[in-house]
$ cat upload-v8.cif   # mmCIF, C-alpha atoms
data_target
#
loop_
_atom_site.label_atom_id
_atom_site.label_comp_id
_atom_site.auth_asym_id
_atom_site.auth_seq_id
_atom_site.Cartn_x
_atom_site.Cartn_y
_atom_site.Cartn_z
CA MET A 4 -13.11 -0.94 -6.76
CA LYS A 5 -12.19 2.74 -6.38
CA PHE A 6 -14.27 5.50 -7.91
CA TYR A 7 -13.07 8.75 -9.47
CA TYR A 8 -15.64 11.44 -10.14
CA GLY A 9 -16.20 15.17 -10.42
CA GLY A 10 -18.08 18.00 -12.05
CA SER A 11 -21.53 19.40 -11.32
CA LYS A 12 -22.80 16.04 -10.01
CA SER A 13 -19.95 15.48 -7.55
CA GLU A 14 -22.14 15.51 -4.45
CA HIS A 15 -24.51 12.91 -5.90
CA TYR A 16 -21.59 10.83 -7.16
CA GLN A 17 -19.98 10.98 -3.72
CA ASN A 18 -23.13 9.72 -1.98
CA LEU A 19 -23.09 6.67 -4.22
CA ALA A 20 -19.34 6.11 -4.17
CA TYR A 21 -19.36 5.82 -0.36
CA SER A 22 -22.39 3.50 -0.36
CA ALA A 23 -21.65 -0.14 0.45
CA THR A 24 -24.70 -1.13 -1.60
CA PHE A 25 -23.42 0.68 -4.69
CA GLN A 26 -19.98 -0.87 -4.22
CA GLN A 27 -21.46 -4.37 -4.17
CA LEU A 28 -23.80 -3.57 -7.06
CA CYS A 29 -20.95 -2.36 -9.28
CA SER A 30 -18.70 -5.28 -8.41
CA TYR A 31 -21.49 -7.73 -9.24
CA LEU A 32 -22.54 -6.03 -12.49
CA TYR A 33 -18.89 -5.83 -13.58
CA LEU A 34 -18.73 -9.63 -13.44
CA HIS A 35 -22.35 -10.34 -14.46
CA GLU A 36 -23.42 -7.87 -17.14
CA GLY A 37 -27.09 -7.99 -18.11
CA THR A 38 -28.38 -9.26 -14.75
CA ILE A 39 -32.09 -9.10 -13.91
CA LEU A 40 -33.38 -7.51 -10.71
CA ARG A 41 -34.31 -10.84 -9.13
CA ASP A 42 -30.72 -12.05 -9.34
CA LEU A 43 -29.41 -8.73 -8.01
CA LYS A 44 -31.71 -9.00 -4.96
CA LYS A 45 -30.61 -12.58 -4.41
CA ASN A 46 -26.90 -11.76 -4.47
CA ILE A 47 -27.02 -8.29 -2.89
CA PRO A 48 -29.37 -8.56 0.13
CA MET A 49 -29.35 -4.84 0.98
CA LYS A 50 -32.55 -3.01 1.93
CA ASN A 51 -31.72 0.07 -0.13
CA LEU A 52 -30.75 -1.85 -3.28
CA GLU A 53 -33.63 -0.66 -5.49
CA LYS A 54 -33.26 2.94 -4.31
CA THR A 55 -29.53 2.77 -5.10
CA ILE A 56 -30.23 1.34 -8.54
CA ASP A 57 -32.78 4.09 -9.29
CA LEU A 58 -30.32 6.82 -8.27
CA ALA A 59 -27.53 5.26 -10.37
CA ILE A 60 -29.88 5.11 -13.36
CA GLU A 61 -30.84 8.76 -12.83
CA LEU A 62 -27.14 9.70 -12.88
CA ASN A 63 -26.55 7.62 -16.03
CA LEU A 64 -24.22 5.25 -14.22
CA ILE A 65 -26.37 2.17 -14.77
CA LEU A 66 -28.59 1.28 -17.72
CA ARG A 67 -31.83 -0.67 -17.34
CA GLU A 68 -32.83 -2.17 -20.68
CA GLU A 69 -35.34 -4.97 -21.22
CA ARG A 70 -35.37 -5.57 -17.45
CA ARG A 71 -31.63 -6.17 -17.42
CA TYR A 72 -28.94 -3.98 -15.85
CA ARG A 73 -25.42 -3.05 -16.87
CA LEU A 74 -22.80 -0.44 -15.97
CA LEU A 75 -22.57 2.68 -18.12
CA PHE A 76 -19.28 4.04 -16.76
CA PRO A 77 -15.83 2.72 -17.73
CA ILE A 78 -13.89 0.33 -15.52
CA VAL A 79 -10.13 0.81 -15.62
CA THR A 80 -8.33 -2.53 -15.79
CA LYS A 81 -4.67 -3.38 -16.31
CA GLU A 82 -5.49 -4.31 -19.89
CA LEU A 83 -7.05 -0.90 -20.54
CA VAL A 84 -4.09 0.89 -18.93
CA THR A 85 -1.63 -1.06 -21.08
CA ALA A 86 -3.63 -0.34 -24.24
CA ILE A 87 -3.67 3.41 -23.55
CA GLU A 88 0.00 3.58 -22.55
CA ASN A 89 1.11 1.73 -25.68
CA LYS A 90 -0.47 4.27 -28.03
CA ALA A 91 1.95 6.52 -29.88
CA ASP A 92 0.21 9.78 -28.88
CA PHE A 93 0.45 8.79 -25.21
CA GLN A 94 4.21 8.21 -25.44
CA ILE A 95 4.72 11.43 -27.42
CA THR A 96 2.87 13.48 -24.80
CA LEU A 97 4.75 11.77 -21.96
CA SER A 98 8.02 12.69 -23.68
CA GLN A 99 6.86 16.31 -23.94
CA LEU A 100 6.11 16.41 -20.22
CA GLN A 101 9.56 15.06 -19.40
CA GLN A 102 11.36 17.57 -21.60
CA SER A 103 9.44 20.84 -21.32
CA SER A 104 8.28 22.89 -18.34
CA ALA A 105 5.90 24.69 -20.71
CA ALA A 106 4.30 21.33 -21.45
CA ILE A 107 3.79 20.77 -17.71
CA VAL A 108 2.00 24.11 -17.44
CA ALA A 109 -0.19 23.35 -20.45
CA ALA A 110 -0.96 19.89 -19.10
CA PHE A 111 -2.23 21.16 -15.77
CA GLU A 112 -4.26 23.91 -17.48
CA ASP A 113 -5.95 21.25 -19.60
CA TYR A 114 -6.36 19.00 -16.55
CA GLU A 115 -8.01 21.78 -14.56
CA HIS A 116 -10.46 22.40 -17.40
CA LEU A 117 -11.36 18.71 -17.63
CA MET A 118 -11.90 18.47 -13.86
CA LYS A 119 -14.85 20.87 -14.18
CA GLN A 120 -16.69 18.48 -16.50
CA ASP A 121 -18.86 15.64 -15.21
CA TYR A 122 -16.96 12.36 -15.08
CA PHE A 123 -17.22 9.05 -13.27
CA TYR A 124 -15.21 5.86 -13.67
CA GLY A 125 -14.17 2.89 -11.59
CA VAL A 126 -10.66 1.55 -11.10
CA ILE A 127 -9.68 -1.98 -10.15
CA ASP A 128 -8.11 -1.95 -6.66
CA SER A 129 -4.73 -3.22 -7.83
CA ILE A 130 -4.23 -0.12 -10.02
CA THR A 131 -2.80 3.09 -8.58
CA LEU A 132 -3.54 6.39 -10.32
CA ALA A 133 -1.95 9.73 -9.59
CA GLU A 134 -4.00 12.09 -7.44
CA VAL A 135 -3.82 15.69 -8.60
CA ALA A 136 -4.79 18.62 -6.39
CA LEU A 137 -4.80 22.35 -7.12
CA PHE A 138 -4.87 25.37 -4.85
CA LYS A 139 -5.40 28.77 -6.49
CA SER A 140 -5.44 32.36 -5.35
CA ASP A 141 -5.43 35.56 -7.41
CA ASN A 142 -1.69 35.50 -8.07
CA LEU A 143 -0.55 32.04 -7.05
CA GLN A 144 -1.27 28.40 -7.81
CA PHE A 145 0.07 25.24 -6.19
CA VAL A 146 -0.23 21.91 -7.97
CA SER A 147 0.60 18.59 -6.38
CA CYS A 148 0.68 15.21 -8.07
CA GLN A 149 0.82 12.19 -5.77
CA LEU A 150 0.66 8.43 -5.92
CA ASP A 151 -0.28 8.33 -2.25
CA ALA A 152 -2.62 11.22 -1.49
CA ASN A 153 -2.43 11.77 2.27
CA ASN A 154 -3.20 15.50 2.52
CA ASP A 155 0.44 16.46 3.11
CA THR A 156 0.66 19.06 0.33
CA ILE A 157 -0.85 22.55 0.30
CA PRO A 158 -3.51 21.83 -2.37
CA SER A 159 -4.47 18.39 -1.03
CA TYR A 160 -4.76 19.93 2.46
CA PHE A 161 -7.18 22.62 1.36
CA GLU A 162 -9.26 20.14 -0.66
CA ALA A 163 -9.56 17.92 2.41
CA LEU A 164 -10.33 20.97 4.57
CA LYS A 165 -13.19 21.94 2.24
CA GLN A 166 -14.61 18.42 2.46
CA GLU A 167 -14.13 18.30 6.26
CA GLN A 168 -11.86 15.26 5.97
CA LEU A 169 -9.08 16.44 8.29
CA SER A 170 -8.32 15.63 11.89
CA GLU A 171 -6.24 17.52 14.45
CA ILE A 172 -3.47 14.93 14.17
CA ASN A 173 -2.73 16.09 10.61
CA PRO A 174 0.61 18.00 10.79
CA LEU A 175 -0.62 20.78 8.50
CA TYR A 176 -3.85 21.12 10.46
CA ALA A 177 -1.81 21.56 13.62
CA ILE A 178 -0.15 24.56 11.95
CA LEU A 179 -2.88 26.12 9.80
CA GLY A 180 -6.14 24.88 11.32
CA ASP A 181 -9.29 26.20 9.61
CA VAL A 182 -7.47 29.08 7.97
CA ASP A 183 -9.31 31.04 5.29
CA PRO A 184 -7.99 29.82 1.88
CA ILE A 185 -8.09 33.32 0.34
CA TYR A 186 -6.05 34.83 3.15
CA ALA A 187 -3.65 31.86 3.09
CA GLY A 188 -3.17 32.30 -0.66
CA LEU A 189 -2.19 35.94 -0.17
CA GLN A 190 0.31 35.01 2.52
CA PHE A 191 1.82 32.17 0.51
CA ALA A 192 2.23 34.40 -2.54
CA TYR A 193 3.84 37.18 -0.47
CA ILE A 194 6.34 34.76 1.08
CA ILE A 195 7.29 33.06 -2.17
CA GLU A 196 7.71 36.39 -3.98
CA ARG A 197 10.12 37.55 -1.29
CA VAL A 198 12.03 34.26 -1.29
CA VAL A 199 12.42 34.36 -5.08
CA LYS A 200 13.78 37.94 -4.81
CA GLY A 201 16.23 36.89 -2.08
CA LYS A 202 14.51 38.93 0.63
CA LYS A 203 14.07 37.95 4.25
CA VAL A 204 10.84 36.37 5.46
CA ARG A 205 9.54 36.63 8.99
CA PRO A 206 8.64 33.29 10.61
CA SER A 207 4.91 32.56 10.50
CA ILE A 208 2.50 29.67 10.32
CA PHE A 209 2.51 30.12 6.53
CA SER A 210 6.27 29.90 6.13
CA ARG A 211 6.24 26.87 8.44
CA ALA A 212 3.57 25.23 6.29
CA LEU A 213 5.58 25.89 3.13
CA SER A 214 8.68 24.37 4.73
CA LEU A 215 6.80 21.35 6.07
CA THR A 216 5.35 20.55 2.66
CA GLY A 217 8.68 20.85 0.88
CA ILE A 218 7.85 24.02 -1.05
CA LEU A 219 10.59 25.91 0.77
CA MET A 220 13.91 24.72 2.12
CA VAL A 221 15.63 26.23 5.16
CA ASN A 222 19.36 26.78 4.57
CA GLU A 223 22.08 26.60 7.22
CA ASP A 224 21.99 30.38 7.61
CA SER A 225 18.20 30.18 8.25
CA SER A 226 17.44 31.78 4.87
CA LEU A 227 14.67 30.26 2.75
CA GLU A 228 14.99 28.84 -0.74
CA LEU A 229 12.32 27.69 -3.18
CA LYS A 230 12.66 23.92 -3.49
CA VAL A 231 10.11 23.21 -6.25
CA PRO A 232 9.86 24.41 -9.86
CA LEU A 233 8.42 27.91 -10.32
CA LEU A 234 6.46 27.93 -13.56
CA ALA A 235 4.86 30.70 -15.59
CA PRO A 236 1.69 30.70 -17.73
CA THR A 237 2.16 29.57 -21.31
CA ASP A 238 0.31 29.60 -24.62
CA GLU A 239 1.74 26.20 -25.54
CA LYS A 240 -0.84 23.53 -26.24
CA ILE A 241 -0.42 19.79 -25.92
CA LYS A 242 -1.58 17.82 -28.93
CA PHE A 243 -3.19 14.76 -27.41
CA GLU A 244 -5.88 13.03 -29.46
CA LYS A 245 -9.21 12.68 -27.59
CA THR A 246 -7.82 14.06 -24.36
CA ASP A 247 -9.79 13.04 -21.29
CA LEU A 248 -9.23 13.06 -17.56
CA LEU A 249 -8.42 9.36 -17.30
CA LYS A 250 -5.64 9.66 -19.90
CA TRP A 251 -4.20 12.66 -18.07
CA ARG A 252 -4.19 10.71 -14.81
CA LEU A 253 -2.36 7.87 -16.54
CA LEU A 254 0.08 10.33 -18.09
CA LEU A 255 0.84 11.92 -14.74
CA THR A 256 1.13 8.49 -13.12
CA SER A 257 3.71 7.52 -15.76
CA TYR A 258 5.43 10.89 -15.33
CA LEU A 259 5.83 10.26 -11.58
CA ALA A 260 7.21 6.80 -12.28
CA ALA A 261 9.71 8.24 -14.78
CA GLN A 262 10.83 10.74 -12.13
CA ASN A 263 11.03 7.93 -9.55
CA ALA A 264 8.87 10.05 -7.24
CA GLN A 265 5.82 9.53 -5.06
CA THR A 266 5.00 13.25 -5.03
CA LEU A 267 5.78 16.17 -7.32
CA GLN A 268 4.87 19.78 -6.62
CA PHE A 269 4.83 22.90 -8.78
CA VAL A 270 4.25 26.59 -8.08
CA PHE A 271 2.68 28.92 -10.61
CA LEU A 272 3.22 32.58 -9.74
CA ASN A 273 1.09 34.86 -11.89
CA GLU A 274 2.59 38.14 -13.03
CA ASN A 275 0.89 41.29 -11.72
#

$ encode --input "upload-v8.cif" --output "structure tokens"
Amino acid sequence: MKFYYGGSKSEHYQNLAYSATFQQLCSYLYLHEGTILRDLKKNIPMKNLEKTIDLAIELNLILREERRYRLLFPIVTKELVTAIENKADFQITLSQLQQSSAAIVAAFEDYEHLMKQDYFYGVIDSITLAEVALFKSDNLQFVSCQLDANNDTIPSYFEALKQEQLSEINPLYAILGDVDPIYAGLQFAYIIERVVKGKKVRPSIFSRALSLTGILMVNEDSSLELKVPLLAPTDEKIKFEKTDLLKWRLLLTSYLAAQNAQTLQFVFLNEN
């Protein structure tokens, strides 16, 4: 089971999500709802089991009621995915994303807002959900949407850098290293602005990084060209009943499938 989580409790969620005891506990409770502690100890012989249970209860991930335990967070199964995808509002919103760049902008604005809220859910291993990463500076934003998140886009790289999950063998790390995100954002924005205006750009680690990640393309005459959509802020709103982060992940997963792509990237360049 994979866990997706975020918000103000992210650090506490992460400690549990990477715990082998919590993994076993969730897998067991998923199949045996309403289990008593004695049975949990019998089937999960881990020394920190009770401490893990107490922490999960404190975070409202497990409920203890009448000496029995059950999961409080949703588990995403194939049946649940199918049920959500078959709803009319899901298909309408997916159609909007496929037809309108303004809808894409509005979708990621909504997604970014939802990411700041506390959320936690589990996903059955056989299900793949899109991973969305954002990198923002004062006048620039990169968004990447991937089925296989391997830190090879600008936003996924900086998220992994913040969480100290990168090694020196990562191609982007070999170029950028522990670069300051604010300074990098300024350099990326400067380069892209010049490329969009048809001006020359001096070679640098930042232009190399943009080329490596597929943001820029090098032409035969060595000039640079923007390879991904350049989007602008919009006031358009997406009408999606009971929007939540899981539904947006499913929408973006379906959007990738419709585009027959493993990764999609977008650049938002704010007007000064």

$ resolve_selection --input "upload-v8.cif" --expression "the PyMOL selection byres ((chain A and resi 194-202) around 10)" --output "tab-separated table (two decimals) with C-alpha atoms, in the coordinates of the input"
chain	number	residue	atom	x	y	z
A	143	LEU	CA	-0.55	32.04	-7.05
A	188	GLY	CA	-3.17	32.30	-0.66
A	189	LEU	CA	-2.19	35.94	-0.17
A	190	GLN	CA	0.31	35.01	2.52
A	191	PHE	CA	1.82	32.17	0.51
A	192	ALA	CA	2.23	34.40	-2.54
A	193	TYR	CA	3.84	37.18	-0.47
A	203	LYS	CA	14.07	37.95	4.25
A	204	VAL	CA	10.84	36.37	5.46
A	205	ARG	CA	9.54	36.63	8.99
A	206	PRO	CA	8.64	33.29	10.61
A	207	SER	CA	4.91	32.56	10.50
A	209	PHE	CA	2.51	30.12	6.53
A	210	SER	CA	6.27	29.90	6.13
A	213	LEU	CA	5.58	25.89	3.13
A	218	ILE	CA	7.85	24.02	-1.05
A	219	LEU	CA	10.59	25.91	0.77
A	226	SER	CA	17.44	31.78	4.87
A	227	LEU	CA	14.67	30.26	2.75
A	228	GLU	CA	14.99	28.84	-0.74
A	229	LEU	CA	12.32	27.69	-3.18
A	233	LEU	CA	8.42	27.91	-10.32
A	270	VAL	CA	4.25	26.59	-8.08
A	272	LEU	CA	3.22	32.58	-9.74

$ resolve_selection --input "upload-v8.cif" --expression "the PyMOL selection byres ((chain A and resi 17-28) around 7)" --output "MDAnalysis selection string"
chainID A and resid 6 13:16 29:32 47 49 52 55

$ closest_residue --input "upload-v8.cif" --among "A:Val231, A:Ala187, A:Val108, A:Ile60" --to "A:Phe76" --atoms "all atoms listed in the file"
A:Ile60

$ resolve_selection --input "upload-v8.cif" --expression "the PyMOL selection byres ((chain A and resi 101) around 12)" --output "ChimeraX atom specification"
/A:94-100,102-108,110,254-255,257-262

$ write_last_selection --input "upload-v8.cif" --atoms "C-alpha atoms" --output "compact mmCIF listing (two decimals), in the coordinates of the input"
# COMPACT_ATOMS: atom_id res chain seq x y z
CA GLN A 94 4.21 8.21 -25.44
CA ILE A 95 4.72 11.43 -27.42
CA THR A 96 2.87 13.48 -24.80
CA LEU A 97 4.75 11.77 -21.96
CA SER A 98 8.02 12.69 -23.68
CA GLN A 99 6.86 16.31 -23.94
CA LEU A 100 6.11 16.41 -20.22
CA GLN A 102 11.36 17.57 -21.60
CA SER A 103 9.44 20.84 -21.32
CA SER A 104 8.28 22.89 -18.34
CA ALA A 105 5.90 24.69 -20.71
CA ALA A 106 4.30 21.33 -21.45
CA ILE A 107 3.79 20.77 -17.71
CA VAL A 108 2.00 24.11 -17.44
CA ALA A 110 -0.96 19.89 -19.10
CA LEU A 254 0.08 10.33 -18.09
CA LEU A 255 0.84 11.92 -14.74
CA SER A 257 3.71 7.52 -15.76
CA TYR A 258 5.43 10.89 -15.33
CA LEU A 259 5.83 10.26 -11.58
CA ALA A 260 7.21 6.80 -12.28
CA ALA A 261 9.71 8.24 -14.78
CA GLN A 262 10.83 10.74 -12.13

$ residues_around --input "upload-v8.cif" --residues "A:Tyr176" --least-positions-apart "2" --cutoff "12 Å" --atoms "all atoms listed in the file" --output "PDB file with C-alpha atoms, in the frame of the given file"
ATOM      1  CA  ASN A 154      -3.200  15.500   2.520  1.00  0.00           C
ATOM      2  CA  ASP A 155       0.440  16.460   3.110  1.00  0.00           C
ATOM      3  CA  THR A 156       0.660  19.060   0.330  1.00  0.00           C
ATOM      4  CA  ILE A 157      -0.850  22.550   0.300  1.00  0.00           C
ATOM      5  CA  SER A 159      -4.470  18.390  -1.030  1.00  0.00           C
ATOM      6  CA  TYR A 160      -4.760  19.930   2.460  1.00  0.00           C
ATOM      7  CA  PHE A 161      -7.180  22.620   1.360  1.00  0.00           C
ATOM      8  CA  ALA A 163      -9.560  17.920   2.410  1.00  0.00           C
ATOM      9  CA  LEU A 164     -10.330  20.970   4.570  1.00  0.00           C
ATOM     10  CA  GLU A 167     -14.130  18.300   6.260  1.00  0.00           C
ATOM     11  CA  GLN A 168     -11.860  15.260   5.970  1.00  0.00           C
ATOM     12  CA  LEU A 169      -9.080  16.440   8.290  1.00  0.00           C
ATOM     13  CA  SER A 170      -8.320  15.630  11.890  1.00  0.00           C
ATOM     14  CA  GLU A 171      -6.240  17.520  14.450  1.00  0.00           C
ATOM     15  CA  ILE A 172      -3.470  14.930  14.170  1.00  0.00           C
ATOM     16  CA  ASN A 173      -2.730  16.090  10.610  1.00  0.00           C
ATOM     17  CA  PRO A 174       0.610  18.000  10.790  1.00  0.00           C
ATOM     18  CA  ILE A 178      -0.150  24.560  11.950  1.00  0.00           C
ATOM     19  CA  LEU A 179      -2.880  26.120   9.800  1.00  0.00           C
ATOM     20  CA  GLY A 180      -6.140  24.880  11.320  1.00  0.00           C
ATOM     21  CA  ASP A 181      -9.290  26.200   9.610  1.00  0.00           C
ATOM     22  CA  VAL A 182      -7.470  29.080   7.970  1.00  0.00           C
ATOM     23  CA  ILE A 208       2.500  29.670  10.320  1.00  0.00           C
ATOM     24  CA  PHE A 209       2.510  30.120   6.530  1.00  0.00           C
ATOM     25  CA  ARG A 211       6.240  26.870   8.440  1.00  0.00           C
ATOM     26  CA  ALA A 212       3.570  25.230   6.290  1.00  0.00           C
ATOM     27  CA  LEU A 215       6.800  21.350   6.070  1.00  0.00           C
TER      28      LEU A 215
END

$ residues_around --input "upload-v8.cif" --residues "A:Asp128" --least-positions-apart "2" --cutoff "8 Å" --atoms "all atoms listed in the file" --output "number ranges by chain"
A: 4-5, 126, 130-131

$ residues_around --input "upload-v8.cif" --residues "A:Glu36" --least-positions-apart "5" --cutoff "9 Å" --atoms "only C-alpha atoms" --output "list in words"
Tyr31, Arg71, Tyr72, Arg73 and Leu74 of chain A

$ atom_distance --input "upload-v8.cif" --atom1 "atom CA of A:Asp92" --atom2 "atom CA of A:Ala264"
23.3 Å

$ atom_distance --input "upload-v8.cif" --atom1 "atom CA of A:Tyr122" --atom2 "atom CA of A:Leu58"
16.0 Å

$ closest_residue --input "upload-v8.cif" --among "A:Asn46, A:Asn142, A:Ser129, A:Gln120" --to "A:Ala235" --atoms "all atoms listed in the file"
A:Asn142

$ atom_distance --input "upload-v8.cif" --atom1 "atom CA of A:Leu132" --atom2 "atom CA of A:Glu82"
14.5 Å

$ closest_residue --input "upload-v8.cif" --among "A:Ser225, A:Gln149, A:Ser11, A:Thr216" --to "A:Asn263" --atoms "only C-alpha atoms"
A:Gln149

$ axis_aligned_box --input "upload-v8.cif" --around "stretch 123-128 of chain A" --padding-each-side "8 Å" --output "lines of an AutoDock Vina configuration file"
center_x = -12.7
center_y = 3.5
center_z = -10.2
size_x = 25.1
size_y = 27.0
size_z = 23.0

$ closest_residue --input "upload-v8.cif" --among "A:Leu175, A:Met220, A:Leu40, A:Cys148" --to "A:Glu68" --atoms "all atoms listed in the file"
A:Leu40

$ closest_residue --input "upload-v8.cif" --among "A:Leu248, A:Met118, A:Leu234, A:Leu150" --to "A:Leu137" --atoms "only C-alpha atoms"
A:Met118

$ build_atoms --input "upload-v8.cif" --residues "stretch 38-46 of chain A" --atoms "all heavy atoms" --output "PDB file, in the coordinates of the input"
ATOM      1  N   THR A  38     -27.692  -8.531 -15.809  1.00  0.00           N
ATOM      2  CA  THR A  38     -28.380  -9.260 -14.750  1.00  0.00           C
ATOM      3  C   THR A  38     -29.782  -8.693 -14.534  1.00  0.00           C
ATOM      4  O   THR A  38     -29.992  -7.484 -14.615  1.00  0.00           O
ATOM      5  CB  THR A  38     -27.583  -9.162 -13.440  1.00  0.00           C
ATOM      6  OG1 THR A  38     -26.269  -9.671 -13.661  1.00  0.00           O
ATOM      7  CG2 THR A  38     -28.252  -9.974 -12.342  1.00  0.00           C
ATOM      8  N   ILE A  39     -30.736  -9.561 -14.217  1.00  0.00           N
ATOM      9  CA  ILE A  39     -32.090  -9.100 -13.910  1.00  0.00           C
ATOM     10  C   ILE A  39     -32.192  -8.758 -12.434  1.00  0.00           C
ATOM     11  O   ILE A  39     -31.344  -9.158 -11.624  1.00  0.00           O
ATOM     12  CB  ILE A  39     -33.147 -10.168 -14.288  1.00  0.00           C
ATOM     13  CG1 ILE A  39     -32.922 -11.453 -13.481  1.00  0.00           C
ATOM     14  CG2 ILE A  39     -33.115 -10.447 -15.786  1.00  0.00           C
ATOM     15  CD1 ILE A  39     -33.999 -12.506 -13.710  1.00  0.00           C
ATOM     16  N   LEU A  40     -33.231  -8.006 -12.075  1.00  0.00           N
ATOM     17  CA  LEU A  40     -33.380  -7.510 -10.710  1.00  0.00           C
ATOM     18  C   LEU A  40     -33.483  -8.652  -9.701  1.00  0.00           C
ATOM     19  O   LEU A  40     -32.938  -8.562  -8.589  1.00  0.00           O
ATOM     20  CB  LEU A  40     -34.615  -6.612 -10.610  1.00  0.00           C
ATOM     21  CG  LEU A  40     -34.882  -5.952  -9.249  1.00  0.00           C
ATOM     22  CD1 LEU A  40     -33.699  -5.089  -8.836  1.00  0.00           C
ATOM     23  CD2 LEU A  40     -36.165  -5.127  -9.303  1.00  0.00           C
ATOM     24  N   ARG A  41     -34.146  -9.715 -10.053  1.00  0.00           N
ATOM     25  CA  ARG A  41     -34.310 -10.840  -9.130  1.00  0.00           C
ATOM     26  C   ARG A  41     -32.958 -11.402  -8.707  1.00  0.00           C
ATOM     27  O   ARG A  41     -32.726 -11.695  -7.523  1.00  0.00           O
ATOM     28  CB  ARG A  41     -35.159 -11.939  -9.786  1.00  0.00           C
ATOM     29  CG  ARG A  41     -35.407 -13.160  -8.885  1.00  0.00           C
ATOM     30  CD  ARG A  41     -36.285 -14.165  -9.595  1.00  0.00           C
ATOM     31  NE  ARG A  41     -35.654 -14.621 -10.842  1.00  0.00           N
ATOM     32  CZ  ARG A  41     -36.316 -15.293 -11.778  1.00  0.00           C
ATOM     33  NH1 ARG A  41     -37.598 -15.561 -11.644  1.00  0.00           N
ATOM     34  NH2 ARG A  41     -35.672 -15.687 -12.876  1.00  0.00           N
ATOM     35  N   ASP A  42     -32.042 -11.527  -9.665  1.00  0.00           N
ATOM     36  CA  ASP A  42     -30.720 -12.050  -9.340  1.00  0.00           C
ATOM     37  C   ASP A  42     -29.909 -11.048  -8.510  1.00  0.00           C
ATOM     38  O   ASP A  42     -29.129 -11.439  -7.633  1.00  0.00           O
ATOM     39  CB  ASP A  42     -29.958 -12.389 -10.617  1.00  0.00           C
ATOM     40  CG  ASP A  42     -30.501 -13.629 -11.304  1.00  0.00           C
ATOM     41  OD1 ASP A  42     -31.176 -14.427 -10.622  1.00  0.00           O
ATOM     42  OD2 ASP A  42     -30.272 -13.789 -12.516  1.00  0.00           O
ATOM     43  N   LEU A  43     -30.111  -9.746  -8.797  1.00  0.00           N
ATOM     44  CA  LEU A  43     -29.410  -8.730  -8.010  1.00  0.00           C
ATOM     45  C   LEU A  43     -29.865  -8.785  -6.548  1.00  0.00           C
ATOM     46  O   LEU A  43     -29.042  -8.728  -5.623  1.00  0.00           O
ATOM     47  CB  LEU A  43     -29.685  -7.341  -8.581  1.00  0.00           C
ATOM     48  CG  LEU A  43     -29.019  -7.015  -9.927  1.00  0.00           C
ATOM     49  CD1 LEU A  43     -29.467  -5.646 -10.428  1.00  0.00           C
ATOM     50  CD2 LEU A  43     -27.501  -7.050  -9.812  1.00  0.00           C
ATOM     51  N   LYS A  44     -31.185  -8.925  -6.330  1.00  0.00           N
ATOM     52  CA  LYS A  44     -31.710  -9.000  -4.960  1.00  0.00           C
ATOM     53  C   LYS A  44     -31.214 -10.255  -4.246  1.00  0.00           C
ATOM     54  O   LYS A  44     -30.963 -10.237  -3.036  1.00  0.00           O
ATOM     55  CB  LYS A  44     -33.238  -8.993  -4.992  1.00  0.00           C
ATOM     56  CG  LYS A  44     -33.851  -7.653  -5.346  1.00  0.00           C
ATOM     57  CD  LYS A  44     -35.373  -7.735  -5.292  1.00  0.00           C
ATOM     58  CE  LYS A  44     -36.007  -6.382  -5.524  1.00  0.00           C
ATOM     59  NZ  LYS A  44     -37.491  -6.438  -5.475  1.00  0.00           N
ATOM     60  N   LYS A  45     -31.062 -11.321  -5.004  1.00  0.00           N
ATOM     61  CA  LYS A  45     -30.610 -12.580  -4.410  1.00  0.00           C
ATOM     62  C   LYS A  45     -29.158 -12.489  -3.964  1.00  0.00           C
ATOM     63  O   LYS A  45     -28.781 -13.039  -2.919  1.00  0.00           O
ATOM     64  CB  LYS A  45     -30.782 -13.706  -5.438  1.00  0.00           C
ATOM     65  CG  LYS A  45     -30.318 -15.067  -4.951  1.00  0.00           C
ATOM     66  CD  LYS A  45     -30.514 -16.122  -6.026  1.00  0.00           C
ATOM     67  CE  LYS A  45     -29.993 -17.482  -5.566  1.00  0.00           C
ATOM     68  NZ  LYS A  45     -30.173 -18.523  -6.633  1.00  0.00           N
ATOM     69  N   ASN A  46     -28.331 -11.815  -4.754  1.00  0.00           N
ATOM     70  CA  ASN A  46     -26.900 -11.760  -4.470  1.00  0.00           C
ATOM     71  C   ASN A  46     -26.462 -10.519  -3.695  1.00  0.00           C
ATOM     72  O   ASN A  46     -25.342 -10.480  -3.181  1.00  0.00           O
ATOM     73  CB  ASN A  46     -26.123 -11.837  -5.789  1.00  0.00           C
ATOM     74  CG  ASN A  46     -26.210 -13.206  -6.440  1.00  0.00           C
ATOM     75  OD1 ASN A  46     -25.496 -14.118  -6.066  1.00  0.00           O
ATOM     76  ND2 ASN A  46     -27.116 -13.350  -7.410  1.00  0.00           N
TER      77      ASN A  46
END
